[in-house]
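**Student:** Below is one structure. I have some questions about it.
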Amino acid sequence: MTRRQWLFKVVVRPGVAATGALLGAILLDVWLAAGRFTSLHWTEATSLDTLPEDAVLSLPAKRLALVRDRDRVAALSLECTHLGCLVNTVEEGFFCPCHGSEFGPRGEVHSGPAPRDLDWLPLRVHRERLWVQAGTRLAEPAWVSLPANAADAPQGNTQEGTR
Ligand code: FES
């Protein structure tokens with residue numbers, strides 16, 4: 001065995017392996033931390049008594065809309081699936097002011113350049129309030145059943161807050 005071969009075997013190979021393991025551990029830690037602060041984090045959307053009946057409650061400051069269908073509700077992301085601009089609530093559904101994508105009332109894409117429907121968000125009811133997991137995206141609505149007392153709310157499209 002030459003000196004060069006010995007150096008490679010004893011110094012370089014273990015050094016590369018140790019560096020790889022260290023980088024792997026750091027990346028795993030960053031990935032887990034990102035998950036803790038985004039996909040696992042529940043934020044309050046609104047209280048149950050602000051929900052309109054069979055309509056959309058747009059919450060642009062929270063980048064989401066609550067879609068109510070009789071005794072159930074789901075949360076729709078207001079971030080355009082093209083480049084992430086905030087879409088506006090319009091009579092026909094949603095409209096992206098950045099490049100003109102149009103979406104239906106359930107976030108279904110009607111015209112591009114948006115490549116797909118708006119995303120749905122996990123939603124839950126806790127202590128008379130609605131909570132959204134904003135870091136997680138769903139392809140289908142995660143309908144949540146409303147308690148009986150949430151049925152006496154105003155009707156029509158409403159918008160709360162500004163961009
Ligand atoms: S970001 Fe919405 S259409 Fe481009």
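Identifiers for the structure tokens are assigned positionally: chains receive A, B, ... in sequence, residues are indexed from 1 per chain, and ligands are indexed from 1 in the order shown.
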Residues up to 6 Å from ligand 1, counting only C-alpha atoms and all ligand atoms: could you list those as a PDB file with N, CA and C atoms, in the first residue's frame?

**Tutor:**
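As written to disk, part_22.pdb reads:
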ATOM      1  N   CYS A  80     -52.736  32.267  -4.915  1.00  0.00           N
ATOM      2  CA  CYS A  80     -52.856  31.776  -6.286  1.00  0.00           C
ATOM      3  C   CYS A  80     -51.849  30.651  -6.538  1.00  0.00           C
ATOM      4  N   HIS A  82     -50.498  29.972  -9.235  1.00  0.00           N
ATOM      5  CA  HIS A  82     -49.515  30.316 -10.255  1.00  0.00           C
ATOM      6  C   HIS A  82     -48.226  30.766  -9.571  1.00  0.00           C
ATOM      7  N   LEU A  83     -48.237  31.978  -8.997  1.00  0.00           N
ATOM      8  CA  LEU A  83     -47.029  32.476  -8.337  1.00  0.00           C
ATOM      9  C   LEU A  83     -47.295  32.969  -6.912  1.00  0.00           C
ATOM     10  N   GLY A  84     -48.452  32.636  -6.376  1.00  0.00           N
ATOM     11  CA  GLY A  84     -48.698  32.910  -4.963  1.00  0.00           C
ATOM     12  C   GLY A  84     -49.325  34.245  -4.626  1.00  0.00           C
ATOM     13  N   CYS A  85     -49.760  35.022  -5.604  1.00  0.00           N
ATOM     14  CA  CYS A  85     -50.437  36.294  -5.294  1.00  0.00           C
ATOM     15  C   CYS A  85     -51.724  36.016  -4.531  1.00  0.00           C
ATOM     16  N   CYS A  96     -57.375  36.421  -9.608  1.00  0.00           N
ATOM     17  CA  CYS A  96     -56.008  36.807  -9.255  1.00  0.00           C
ATOM     18  C   CYS A  96     -55.642  38.078 -10.023  1.00  0.00           C
ATOM     19  N   CYS A  98     -52.782  39.502 -10.314  1.00  0.00           N
ATOM     20  CA  CYS A  98     -51.418  39.539 -10.849  1.00  0.00           C
ATOM     21  C   CYS A  98     -51.358  39.171 -12.338  1.00  0.00           C
ATOM     22  N   HIS A  99     -51.951  38.047 -12.719  1.00  0.00           N
ATOM     23  CA  HIS A  99     -51.893  37.619 -14.124  1.00  0.00           C
ATOM     24  C   HIS A  99     -53.246  37.171 -14.642  1.00  0.00           C
ATOM     25  N   GLY A 100     -54.292  37.405 -13.890  1.00  0.00           N
ATOM     26  CA  GLY A 100     -55.636  37.209 -14.406  1.00  0.00           C
ATOM     27  C   GLY A 100     -56.248  35.823 -14.284  1.00  0.00           C
ATOM     28  N   SER A 101     -55.704  34.949 -13.481  1.00  0.00           N
ATOM     29  CA  SER A 101     -56.326  33.628 -13.320  1.00  0.00           C
ATOM     30  C   SER A 101     -57.693  33.777 -12.651  1.00  0.00           C
ATOM     31  N   PRO A 113     -53.107  31.821 -16.045  1.00  0.00           N
ATOM     32  CA  PRO A 113     -52.060  30.800 -16.065  1.00  0.00           C
ATOM     33  C   PRO A 113     -51.975  29.887 -14.831  1.00  0.00           C
ATOM     34  N   ALA A 114     -52.825  30.032 -13.849  1.00  0.00           N
ATOM     35  CA  ALA A 114     -52.752  29.128 -12.686  1.00  0.00           C
ATOM     36  C   ALA A 114     -52.875  27.676 -13.160  1.00  0.00           C
TER      37      ALA A 114
END

**Student:** Take atom CA of Trp143 of chain A and atom CA of Arg72 of chain A and report the distance between them in Å, one decimal.

**Tutor:**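 Value for the atom CA of Trp143 of chain A-atom CA of Arg72 of chain A distance: 6.0 Å.
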
**Student:** Just give me the gap between atom CA of Glu92 of chain A and atom CA of Leu66 of chain A in Å, one decimal is fine.

**Tutor:**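 Pair atom CA of Glu92 of chain A / atom CA of Leu66 of chain A returns 15.6 Å.
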
**Student:** Would you mind writing down, as a PyMOL selection string, each residue of chain A that DSSP on the backbone assigns to alpha helix (DSSP H)?

**Tutor:** chain A and resi 3-7+13-37
